[in-house]
>>> print(open('run.csv').read())   # CSV, C-alpha atoms
chain,number,residue,atom,x,y,z
A,1,MET,CA,73.7,-20.1,61.2
A,2,ARG,CA,73.1,-20.2,65.0
A,3,LEU,CA,70.9,-17.8,66.8
A,4,HIS,CA,70.1,-17.3,70.5
A,5,VAL,CA,66.8,-16.2,71.8
A,6,SER,CA,66.4,-14.7,75.3
A,7,ALA,CA,64.0,-12.7,77.4
A,8,CYS,CA,63.6,-11.2,80.9
A,9,GLY,CA,67.2,-10.0,81.2
A,10,GLY,CA,68.9,-12.7,79.2
A,11,ARG,CA,67.2,-15.9,80.2
A,12,GLU,CA,67.2,-18.6,77.5
A,13,VAL,CA,63.8,-19.2,75.8
A,14,GLY,CA,63.1,-22.7,74.5
A,15,GLY,CA,60.4,-23.3,72.0
A,16,ALA,CA,60.6,-19.9,70.2
A,17,ILE,CA,60.1,-20.1,66.5
A,18,VAL,CA,62.9,-18.5,64.5
A,19,TYR,CA,62.8,-17.3,60.9
A,20,ALA,CA,65.7,-15.8,58.9
A,21,THR,CA,66.2,-14.5,55.3
A,22,ALA,CA,69.1,-12.8,53.5
A,23,VAL,CA,68.4,-9.2,52.3
A,24,PRO,CA,68.0,-8.6,49.4
A,25,PHE,CA,66.3,-11.9,48.6
A,26,ASN,CA,67.5,-14.7,46.3
A,27,GLN,CA,71.0,-14.8,47.8
A,28,PHE,CA,70.3,-17.8,50.1
A,29,GLY,CA,67.3,-20.1,50.4
A,30,ILE,CA,64.9,-19.3,53.2
A,31,PRO,CA,65.0,-22.3,55.6
A,32,PRO,CA,61.8,-23.5,57.4
A,33,GLU,CA,61.2,-21.9,60.8
A,34,GLN,CA,62.9,-23.8,63.6
A,35,GLN,CA,62.3,-24.0,67.3
A,36,THR,CA,64.9,-23.1,69.8
A,37,GLY,CA,66.1,-25.8,72.2
A,38,ALA,CA,66.0,-25.5,76.0
A,39,ASP,CA,69.2,-23.5,75.9
A,40,GLY,CA,67.7,-20.9,73.6
A,41,TRP,CA,69.8,-21.8,70.6
A,42,VAL,CA,68.6,-22.7,67.1
A,43,THR,CA,70.6,-23.7,64.0
A,44,LEU,CA,69.4,-22.9,60.5
A,45,ARG,CA,71.1,-24.0,57.2
A,46,MET,CA,70.9,-21.5,54.3
A,47,ASP,CA,71.9,-22.8,50.9
A,48,ARG,CA,73.4,-20.4,48.3
A,49,LEU,CA,71.1,-19.3,45.4
A,50,GLY,CA,72.0,-17.5,42.1
A,51,GLY,CA,71.6,-14.0,43.5
A,52,PHE,CA,74.7,-14.2,45.8
A,53,PRO,CA,76.6,-11.9,45.9
A,54,ALA,CA,73.9,-9.2,45.3
A,55,ALA,CA,76.6,-6.8,43.9
A,56,ASP,CA,80.2,-7.0,42.8
A,57,ASN,CA,81.3,-4.7,45.7
A,58,GLN,CA,79.2,-6.4,48.4
A,59,SER,CA,81.1,-6.4,51.7
A,60,LEU,CA,78.3,-7.4,54.1
A,61,LEU,CA,75.6,-10.1,54.1
A,62,VAL,CA,72.6,-8.6,55.7
A,63,MET,CA,69.9,-10.8,57.2
A,64,PHE,CA,66.4,-10.3,58.7
A,65,VAL,CA,65.7,-12.4,61.7
A,66,ARG,CA,62.4,-12.9,63.5
A,67,ALA,CA,61.6,-14.8,66.7
A,68,ARG,CA,58.0,-15.5,67.8
A,69,LYS,CA,55.7,-17.6,69.9
A,70,GLY,CA,53.7,-20.2,68.0
A,71,GLY,CA,50.1,-19.3,67.5
A,72,GLU,CA,50.7,-15.6,67.8
A,73,SER,CA,50.7,-13.0,65.0
A,74,VAL,CA,54.2,-12.5,63.5
A,75,LEU,CA,53.8,-8.7,64.0
A,76,ALA,CA,52.3,-8.8,67.5
A,77,GLY,CA,52.4,-10.8,70.8
A,78,ILE,CA,55.9,-11.3,72.1
A,79,SER,CA,57.6,-11.4,68.7
A,80,THR,CA,60.8,-9.6,67.9
A,81,ARG,CA,62.6,-8.7,64.6
A,82,ARG,CA,66.0,-7.3,63.8
A,83,LEU,CA,68.6,-6.9,61.1
A,84,ILE,CA,72.0,-8.5,61.5
A,85,SER,CA,75.1,-8.5,59.2
A,86,PHE,CA,78.1,-10.7,58.5
A,87,ARG,CA,81.3,-9.5,56.8
A,88,LEU,CA,82.1,-11.2,53.5
A,89,SER,CA,85.6,-12.4,52.7
A,90,ARG,CA,86.8,-12.3,49.2
A,91,SER,CA,86.6,-16.0,48.9
A,92,ALA,CA,83.1,-16.0,50.3
A,93,ARG,CA,81.9,-14.0,47.3
A,94,ALA,CA,82.8,-16.8,45.0
A,95,ALA,CA,82.3,-19.9,47.0
A,96,ALA,CA,79.0,-21.7,48.0
A,97,GLN,CA,78.7,-21.7,51.8
A,98,THR,CA,76.6,-22.1,54.9
A,99,VAL,CA,76.6,-19.0,57.0
A,100,THR,CA,77.6,-19.6,60.6
A,101,SER,CA,77.6,-17.2,63.5
A,102,ALA,CA,76.0,-16.6,66.9
A,103,PRO,CA,74.1,-13.3,67.0
A,104,ARG,CA,71.6,-12.8,69.8
A,105,VAL,CA,67.9,-12.0,69.4
A,106,VAL,CA,66.4,-10.3,72.4
A,107,GLY,CA,62.7,-10.8,72.9
A,108,SER,CA,60.0,-10.1,75.5
A,109,ALA,CA,58.4,-12.8,77.5
A,110,ARG,CA,55.4,-10.9,78.8
A,111,ALA,CA,52.3,-12.3,77.2
A,112,ALA,CA,49.3,-10.1,78.3
A,113,THR,CA,48.2,-6.9,76.6
A,114,ALA,CA,47.7,-3.7,78.7
A,115,CYS,CA,46.0,-0.9,76.7
A,116,PRO,CA,44.4,2.4,77.8
A,117,ALA,CA,40.6,2.7,77.7
A,118,GLY,CA,39.0,3.9,74.5
A,119,ASN,CA,39.4,3.2,70.8
A,120,GLY,CA,40.8,6.5,69.4
A,121,PRO,CA,44.3,7.8,68.9
A,122,MET,CA,46.9,7.6,71.7
A,123,ASN,CA,50.0,9.3,72.8
A,124,ILE,CA,53.2,7.3,73.0
A,125,ASN,CA,53.3,7.8,76.8
A,126,GLN,CA,50.1,5.9,77.1
A,127,VAL,CA,51.6,2.8,75.5
A,128,THR,CA,53.5,0.6,78.0
A,129,PRO,CA,54.7,-3.1,77.9
A,130,PRO,CA,53.4,-5.6,77.3
A,131,ALA,CA,51.6,-3.6,74.6
A,132,ARG,CA,53.7,-3.2,71.4
A,133,LEU,CA,53.8,-0.8,68.5
A,134,GLN,CA,53.1,-1.9,65.0
A,135,VAL,CA,53.9,-0.4,61.6
A,136,ASP,CA,50.7,-1.3,59.8
A,137,ARG,CA,50.7,1.0,56.7
A,138,PHE,CA,53.3,2.5,54.5
A,139,GLN,CA,53.7,4.2,51.2
A,140,VAL,CA,56.4,5.8,49.0
A,141,SER,CA,56.5,8.6,46.5
A,142,PRO,CA,57.1,8.4,43.6
A,143,SER,CA,55.5,5.0,43.1
A,144,PRO,CA,56.6,2.8,41.4
A,145,ILE,CA,60.1,4.0,42.1
A,146,PRO,CA,61.9,5.1,38.9
A,147,ARG,CA,65.6,4.2,38.6
A,148,SER,CA,66.3,7.8,37.8
A,149,THR,CA,64.8,9.2,41.0
A,150,GLY,CA,67.0,11.5,43.1
A,151,ALA,CA,65.0,11.2,46.4
A,152,LEU,CA,62.1,9.3,47.9
A,153,THR,CA,59.4,10.4,50.4
A,154,VAL,CA,58.2,7.5,52.6
A,155,GLY,CA,55.3,7.5,55.0
A,156,PHE,CA,54.6,5.0,57.8
A,157,ARG,CA,51.6,4.7,60.2
A,158,VAL,CA,52.3,3.4,63.7
A,159,THR,CA,49.6,1.9,65.8
A,160,ALA,CA,49.1,-0.2,68.9
A,161,CYS,CA,46.3,-1.8,70.9
A,162,GLY,CA,44.3,-3.1,67.9
A,163,GLY,CA,45.0,-0.5,65.3
A,164,ARG,CA,44.8,2.8,67.4
A,165,PRO,CA,47.1,5.5,65.9
A,166,VAL,CA,50.1,6.4,68.1
A,167,ALA,CA,51.4,10.0,68.3
A,168,GLY,CA,55.0,10.7,69.3
A,169,ALA,CA,56.5,7.4,68.2
A,170,LEU,CA,60.1,7.6,66.7
A,171,VAL,CA,60.4,6.1,63.3
A,172,TYR,CA,63.7,5.0,61.7
A,173,VAL,CA,64.1,3.7,58.2
A,174,THR,CA,67.0,2.5,56.0
A,175,ALA,CA,67.2,0.8,52.6
A,176,VAL,CA,68.7,-2.6,52.4
A,177,PRO,CA,71.4,-3.2,51.3
A,178,TYR,CA,72.9,0.0,52.5
A,179,ASN,CA,74.3,2.9,50.4
A,180,GLN,CA,71.2,3.1,48.2
A,181,PHE,CA,69.5,6.0,50.0
A,182,ALA,CA,70.7,8.2,52.8
A,183,ILE,CA,69.3,7.3,56.3
A,184,PRO,CA,67.2,10.2,57.4
A,185,PRO,CA,67.0,11.3,61.1
A,186,GLU,CA,64.3,9.6,63.1
A,187,GLN,CA,60.9,11.4,62.8
A,188,GLN,CA,58.0,11.5,65.3
A,189,THR,CA,54.5,10.4,64.3
A,190,GLY,CA,51.8,13.0,64.4
A,191,GLY,CA,48.3,12.8,65.9
A,192,ASP,CA,47.3,10.4,63.0
A,193,GLY,CA,50.1,8.1,63.8
A,194,ILE,CA,52.0,8.9,60.5
A,195,ALA,CA,55.6,9.9,60.1
A,196,ILE,CA,57.0,11.2,56.8
A,197,LEU,CA,60.7,10.8,56.0
A,198,ARG,CA,62.8,11.9,53.0
A,199,MET,CA,65.5,9.7,51.7
A,200,ASP,CA,68.1,11.1,49.2
A,201,ARG,CA,69.6,8.9,46.6
A,202,LEU,CA,73.2,7.6,47.0
A,203,SER,CA,75.6,6.0,44.6
A,204,GLY,CA,74.6,2.4,45.4
A,205,PHE,CA,71.1,2.7,43.9
A,206,PRO,CA,70.1,0.4,42.2
A,207,ALA,CA,72.0,-2.3,44.1
A,208,ALA,CA,71.9,-4.7,41.1
A,209,LYS,CA,71.0,-4.5,37.4
A,210,ASN,CA,68.0,-6.8,37.8
A,211,GLN,CA,66.7,-5.3,41.0
A,212,SER,CA,62.9,-5.1,41.0
A,213,LEU,CA,62.2,-4.2,44.6
A,214,LEU,CA,63.6,-1.7,47.0
A,215,VAL,CA,63.6,-3.3,50.5
A,216,MET,CA,63.5,-1.2,53.6
A,217,PHE,CA,64.0,-1.9,57.3
A,218,VAL,CA,61.7,0.2,59.5
A,219,ARG,CA,61.6,0.6,63.2
A,220,ALA,CA,59.2,2.4,65.5
A,221,ARG,CA,60.0,3.0,69.2
A,222,LYS,CA,59.3,5.0,72.3
A,223,GLY,CA,62.0,7.7,73.1
A,224,GLY,CA,64.2,6.7,76.0
A,225,GLU,CA,63.6,3.0,75.7
A,226,PRO,CA,66.1,0.5,74.3
A,227,VAL,CA,65.7,0.0,70.5
A,228,LEU,CA,65.4,-3.8,71.0
A,229,ALA,CA,63.1,-3.8,74.0
A,230,GLY,CA,60.2,-1.9,75.5
A,231,ILE,CA,57.3,-1.4,73.0
A,232,SER,CA,59.5,-1.1,69.9
A,233,THR,CA,58.8,-2.9,66.7
A,234,ARG,CA,60.7,-3.6,63.5
A,235,ARG,CA,59.8,-5.0,60.1
A,236,LEU,CA,60.9,-5.3,56.5
A,237,ILE,CA,58.9,-3.8,53.7
A,238,SER,CA,59.4,-3.5,50.0
A,239,PHE,CA,58.4,-1.1,47.2
A,240,ARG,CA,58.3,-1.9,43.5
A,241,LEU,CA,60.8,-0.4,41.1
A,242,ALA,CA,59.6,0.9,37.7
A,243,LYS,CA,60.8,-1.2,34.8
>>> encode(input="run.csv", output="structure tokens")
Amino acid sequence: MRLHVSACGGREVGGAIVYATAVPFNQFGIPPEQQTGADGWVTLRMDRLGGFPAADNQSLLVMFVRARKGGESVLAGISTRRLISFRLSRSARAAAQTVTSAPRVVGSARAATACPAGNGPMNINQVTPPARLQVDRFQVSPSPIPRSTGALTVGFRVTACGGRPVAGALVYVTAVPYNQFAIPPEQQTGGDGIAILRMDRLSGFPAAKNQSLLVMFVRARKGGEPVLAGISTRRLISFRLAK
């Protein structure tokens, strides 16, 4: 798989550290992080594991990709994260393979942190680049998740500038792989930085007979900014399924 990392309007970034994993896990081995070359490209090999395909009717291979600067926190600094997907052919479901494509990961190259004075809660309008949002806490109800559940309630806390709660951030969440739970409308965080979303069960849950975790992709952003830029953040989380 080939990935391209850029910043500042599409300029290639050499030396970025790139990580990738298939979702759900155990479909392909997770390769060591690799650095991009001077042209911003990096190539990673992912060997097939016993969990691929994750379901008999699987039509997409979803991957979580992260690009970061060495020495910085994986959830802060100039790091970026996103989900990408590749279409599966019928033969791909049965054959061992290395996944090859060239999606683009857009990052930010500004390295300083500009935060408003104080140490209490903030409004989303007070957070500007190069500061970034973070999703630092999350919970689900019921927990652990029973396979018979008809709906879930998930909560996320959004912070910035060293853990200060951010009000007014837009939070998006989806289960991975898709078609397990409906994708709710984005919700704004309250004064405590927390957004609560309800996810109704769909026919694809559980995604596999031996599924033990429900993986979710969550994004927090500032309204009016691009979802892959500005102060937005994205991460994967997981919740345990009841036996």
>>> atom_distance(input="run.csv", atom1="CA of Asn26 (chain A)", atom2="CA of Phe52 (chain A)")
7.2 Å
>>> atom_distance(input="run.csv", atom1="CA of Tyr178 (chain A)", atom2="CA of Ala54 (chain A)")
11.7 Å
>>> closest_residue(input="run.csv", among="A:Gln211, A:Leu60, A:Ser232, A:Arg2", to="Ser89 (chain A)", atoms="all atoms listed in the file")
A:Leu60
>>> closest_residue(input="run.csv", among="A:Ile183, A:Ala131, A:Val23, A:Ala160", to="Ala207 (chain A)", atoms="only C-alpha atoms")
A:Val23
>>> residues_near_point(input="run.csv", point="(66.3, -2.9, 44.4)", cutoff="10 Å", atoms="all atoms listed in the file", output="PDB file with C-alpha atoms, keeping the file's coordinate frame")
ATOM      1  CA  PRO A  24      68.000  -8.600  49.400  1.00  0.00           C
ATOM      2  CA  PHE A  25      66.300 -11.900  48.600  1.00  0.00           C
ATOM      3  CA  ALA A  54      73.900  -9.200  45.300  1.00  0.00           C
ATOM      4  CA  ILE A 145      60.100   4.000  42.100  1.00  0.00           C
ATOM      5  CA  ARG A 147      65.600   4.200  38.600  1.00  0.00           C
ATOM      6  CA  ALA A 175      67.200   0.800  52.600  1.00  0.00           C
ATOM      7  CA  VAL A 176      68.700  -2.600  52.400  1.00  0.00           C
ATOM      8  CA  PRO A 177      71.400  -3.200  51.300  1.00  0.00           C
ATOM      9  CA  GLN A 180      71.200   3.100  48.200  1.00  0.00           C
ATOM     10  CA  GLY A 204      74.600   2.400  45.400  1.00  0.00           C
ATOM     11  CA  PHE A 205      71.100   2.700  43.900  1.00  0.00           C
ATOM     12  CA  PRO A 206      70.100   0.400  42.200  1.00  0.00           C
ATOM     13  CA  ALA A 207      72.000  -2.300  44.100  1.00  0.00           C
ATOM     14  CA  ALA A 208      71.900  -4.700  41.100  1.00  0.00           C
ATOM     15  CA  LYS A 209      71.000  -4.500  37.400  1.00  0.00           C
ATOM     16  CA  ASN A 210      68.000  -6.800  37.800  1.00  0.00           C
ATOM     17  CA  GLN A 211      66.700  -5.300  41.000  1.00  0.00           C
ATOM     18  CA  SER A 212      62.900  -5.100  41.000  1.00  0.00           C
ATOM     19  CA  LEU A 213      62.200  -4.200  44.600  1.00  0.00           C
ATOM     20  CA  LEU A 214      63.600  -1.700  47.000  1.00  0.00           C
ATOM     21  CA  VAL A 215      63.600  -3.300  50.500  1.00  0.00           C
ATOM     22  CA  MET A 216      63.500  -1.200  53.600  1.00  0.00           C
ATOM     23  CA  SER A 238      59.400  -3.500  50.000  1.00  0.00           C
ATOM     24  CA  PHE A 239      58.400  -1.100  47.200  1.00  0.00           C
ATOM     25  CA  ARG A 240      58.300  -1.900  43.500  1.00  0.00           C
ATOM     26  CA  LEU A 241      60.800  -0.400  41.100  1.00  0.00           C
TER      27      LEU A 241
END
>>> closest_residue(input="run.csv", among="A:Ser6, A:Thr159, A:Gln34, A:Ser59", to="Arg137 (chain A)", atoms="only C-alpha atoms")
A:Thr159
>>> atom_distance(input="run.csv", atom1="CA of Asn119 (chain A)", atom2="CA of Glu72 (chain A)")
22.1 Å
>>> residues_near_point(input="run.csv", point="(69.6, -18.1, 46.8)", cutoff="9 Å", atoms="all atoms listed in the file", output="list in words")
Ala22, Phe25, Asn26, Gln27, Phe28, Gly29, Ile30, Met46, Asp47, Arg48, Leu49, Gly50, Gly51 and Phe52 of chain A
>>> residues_around(input="run.csv", residues="Gln35 (chain A)", least_positions_apart="6", cutoff="6 Å", atoms="all atoms listed in the file", output="mmCIF file with C-alpha atoms, keeping the file's coordinate frame")
data_model
loop_
_atom_site.group_PDB
_atom_site.id
_atom_site.type_symbol
_atom_site.label_atom_id
_atom_site.label_comp_id
_atom_site.auth_asym_id
_atom_site.auth_seq_id
_atom_site.Cartn_x
_atom_site.Cartn_y
_atom_site.Cartn_z
ATOM 1 C CA GLY A 15 60.400 -23.300 72.000
ATOM 2 C CA ALA A 16 60.600 -19.900 70.200
ATOM 3 C CA ILE A 17 60.100 -20.100 66.500
#
>>> closest_residue(input="run.csv", among="A:Ala55, A:Pro32, A:Val65, A:Leu197", to="His4 (chain A)", atoms="only C-alpha atoms")
A:Val65
>>> closest_residue(input="run.csv", among="A:Leu170, A:Gly70, A:Val140, A:Gln126", to="Gly224 (chain A)", atoms="only C-alpha atoms")
A:Leu170
>>> closest_residue(input="run.csv", among="A:Ser79, A:Thr174, A:Gln58, A:Gln134", to="Leu152 (chain A)", atoms="all atoms listed in the file")
A:Thr174
>>> residues_around(input="run.csv", residues="Ala20 (chain A)", least_positions_apart="4", cutoff="12 Å", atoms="all atoms listed in the file", output="PyMOL selection string")
chain A and resi 1-3+25+28-34+42-46+62-68+80-85+99+103+105+236
>>> residues_around(input="run.csv", residues="Gln139 (chain A)", least_positions_apart="3", cutoff="8 Å", atoms="all atoms listed in the file", output="mmCIF file with C-alpha atoms, keeping the file's coordinate frame")
data_model
loop_
_atom_site.group_PDB
_atom_site.id
_atom_site.type_symbol
_atom_site.label_atom_id
_atom_site.label_comp_id
_atom_site.auth_asym_id
_atom_site.auth_seq_id
_atom_site.Cartn_x
_atom_site.Cartn_y
_atom_site.Cartn_z
ATOM 1 C CA VAL A 154 58.200 7.500 52.600
ATOM 2 C CA GLY A 155 55.300 7.500 55.000
ATOM 3 C CA PHE A 156 54.600 5.000 57.800
#
>>> residues_around(input="run.csv", residues="Gly162 (chain A)", least_positions_apart="6", cutoff="12 Å", atoms="only C-alpha atoms", output="ChimeraX atom specification")
/A:75-77,113-122,131-136
>>> build_atoms(input="run.csv", residues="region 20-46 of chain A", atoms="N, CA and C atoms", output="PDB file, in the frame of the given file")
ATOM      1  N   ALA A  20      64.644 -16.683  59.332  1.00  0.00           N
ATOM      2  CA  ALA A  20      65.700 -15.800  58.900  1.00  0.00           C
ATOM      3  C   ALA A  20      65.745 -15.813  57.330  1.00  0.00           C
ATOM      4  N   THR A  21      66.090 -14.654  56.766  1.00  0.00           N
ATOM      5  CA  THR A  21      66.200 -14.500  55.300  1.00  0.00           C
ATOM      6  C   THR A  21      67.321 -13.506  55.013  1.00  0.00           C
ATOM      7  N   ALA A  22      68.090 -13.745  53.963  1.00  0.00           N
ATOM      8  CA  ALA A  22      69.100 -12.800  53.500  1.00  0.00           C
ATOM      9  C   ALA A  22      68.352 -11.616  52.812  1.00  0.00           C
ATOM     10  N   VAL A  23      68.929 -10.424  52.891  1.00  0.00           N
ATOM     11  CA  VAL A  23      68.400  -9.200  52.300  1.00  0.00           C
ATOM     12  C   VAL A  23      69.470  -8.574  51.428  1.00  0.00           C
ATOM     13  N   PRO A  24      69.240  -8.289  50.123  1.00  0.00           N
ATOM     14  CA  PRO A  24      68.000  -8.600  49.400  1.00  0.00           C
ATOM     15  C   PRO A  24      67.851 -10.095  49.198  1.00  0.00           C
ATOM     16  N   PHE A  25      66.661 -10.467  48.747  1.00  0.00           N
ATOM     17  CA  PHE A  25      66.300 -11.900  48.600  1.00  0.00           C
ATOM     18  C   PHE A  25      67.074 -12.537  47.459  1.00  0.00           C
ATOM     19  N   ASN A  26      66.885 -13.839  47.345  1.00  0.00           N
ATOM     20  CA  ASN A  26      67.500 -14.700  46.300  1.00  0.00           C
ATOM     21  C   ASN A  26      68.984 -14.822  46.417  1.00  0.00           C
ATOM     22  N   GLN A  27      69.562 -14.524  47.574  1.00  0.00           N
ATOM     23  CA  GLN A  27      71.000 -14.800  47.800  1.00  0.00           C
ATOM     24  C   GLN A  27      71.150 -16.196  48.429  1.00  0.00           C
ATOM     25  N   PHE A  28      70.307 -16.497  49.419  1.00  0.00           N
ATOM     26  CA  PHE A  28      70.300 -17.800  50.100  1.00  0.00           C
ATOM     27  C   PHE A  28      68.888 -18.262  50.280  1.00  0.00           C
ATOM     28  N   GLY A  29      68.677 -19.578  50.171  1.00  0.00           N
ATOM     29  CA  GLY A  29      67.300 -20.100  50.400  1.00  0.00           C
ATOM     30  C   GLY A  29      66.836 -19.815  51.783  1.00  0.00           C
ATOM     31  N   ILE A  30      65.525 -19.606  51.905  1.00  0.00           N
ATOM     32  CA  ILE A  30      64.900 -19.300  53.200  1.00  0.00           C
ATOM     33  C   ILE A  30      64.569 -20.665  53.858  1.00  0.00           C
ATOM     34  N   PRO A  31      65.208 -21.010  54.958  1.00  0.00           N
ATOM     35  CA  PRO A  31      65.000 -22.300  55.600  1.00  0.00           C
ATOM     36  C   PRO A  31      63.608 -22.308  56.322  1.00  0.00           C
ATOM     37  N   PRO A  32      63.032 -23.482  56.577  1.00  0.00           N
ATOM     38  CA  PRO A  32      61.800 -23.500  57.400  1.00  0.00           C
ATOM     39  C   PRO A  32      62.079 -22.958  58.778  1.00  0.00           C
ATOM     40  N   GLU A  33      61.057 -22.391  59.390  1.00  0.00           N
ATOM     41  CA  GLU A  33      61.200 -21.900  60.800  1.00  0.00           C
ATOM     42  C   GLU A  33      61.612 -23.088  61.662  1.00  0.00           C
ATOM     43  N   GLN A  34      62.461 -22.781  62.630  1.00  0.00           N
ATOM     44  CA  GLN A  34      62.900 -23.800  63.600  1.00  0.00           C
ATOM     45  C   GLN A  34      62.712 -23.337  64.993  1.00  0.00           C
ATOM     46  N   GLN A  35      62.469 -24.301  65.882  1.00  0.00           N
ATOM     47  CA  GLN A  35      62.300 -24.000  67.300  1.00  0.00           C
ATOM     48  C   GLN A  35      63.615 -23.979  68.037  1.00  0.00           C
ATOM     49  N   THR A  36      63.742 -23.075  68.974  1.00  0.00           N
ATOM     50  CA  THR A  36      64.900 -23.100  69.800  1.00  0.00           C
ATOM     51  C   THR A  36      64.855 -24.239  70.810  1.00  0.00           C
ATOM     52  N   GLY A  37      66.031 -24.730  71.203  1.00  0.00           N
ATOM     53  CA  GLY A  37      66.100 -25.800  72.200  1.00  0.00           C
ATOM     54  C   GLY A  37      65.973 -25.162  73.611  1.00  0.00           C
ATOM     55  N   ALA A  38      66.109 -25.996  74.604  1.00  0.00           N
ATOM     56  CA  ALA A  38      66.000 -25.500  76.000  1.00  0.00           C
ATOM     57  C   ALA A  38      67.037 -24.498  76.339  1.00  0.00           C
ATOM     58  N   ASP A  39      68.174 -24.505  75.620  1.00  0.00           N
ATOM     59  CA  ASP A  39      69.200 -23.500  75.900  1.00  0.00           C
ATOM     60  C   ASP A  39      69.057 -22.229  75.113  1.00  0.00           C
ATOM     61  N   GLY A  40      67.936 -22.094  74.365  1.00  0.00           N
ATOM     62  CA  GLY A  40      67.700 -20.900  73.600  1.00  0.00           C
ATOM     63  C   GLY A  40      68.316 -20.798  72.257  1.00  0.00           C
ATOM     64  N   TRP A  41      69.088 -21.822  71.871  1.00  0.00           N
ATOM     65  CA  TRP A  41      69.800 -21.800  70.600  1.00  0.00           C
ATOM     66  C   TRP A  41      69.025 -22.537  69.507  1.00  0.00           C
ATOM     67  N   VAL A  42      69.170 -22.056  68.272  1.00  0.00           N
ATOM     68  CA  VAL A  42      68.600 -22.700  67.100  1.00  0.00           C
ATOM     69  C   VAL A  42      69.620 -22.632  65.979  1.00  0.00           C
ATOM     70  N   THR A  43      69.690 -23.665  65.152  1.00  0.00           N
ATOM     71  CA  THR A  43      70.600 -23.700  64.000  1.00  0.00           C
ATOM     72  C   THR A  43      69.802 -23.787  62.721  1.00  0.00           C
ATOM     73  N   LEU A  44      70.091 -22.917  61.776  1.00  0.00           N
ATOM     74  CA  LEU A  44      69.400 -22.900  60.500  1.00  0.00           C
ATOM     75  C   LEU A  44      70.466 -23.021  59.370  1.00  0.00           C
ATOM     76  N   ARG A  45      70.180 -23.827  58.370  1.00  0.00           N
ATOM     77  CA  ARG A  45      71.100 -24.000  57.200  1.00  0.00           C
ATOM     78  C   ARG A  45      70.465 -23.172  56.050  1.00  0.00           C
ATOM     79  N   MET A  46      71.307 -22.363  55.401  1.00  0.00           N
ATOM     80  CA  MET A  46      70.900 -21.500  54.300  1.00  0.00           C
ATOM     81  C   MET A  46      71.741 -21.836  53.085  1.00  0.00           C
TER      82      MET A  46
END
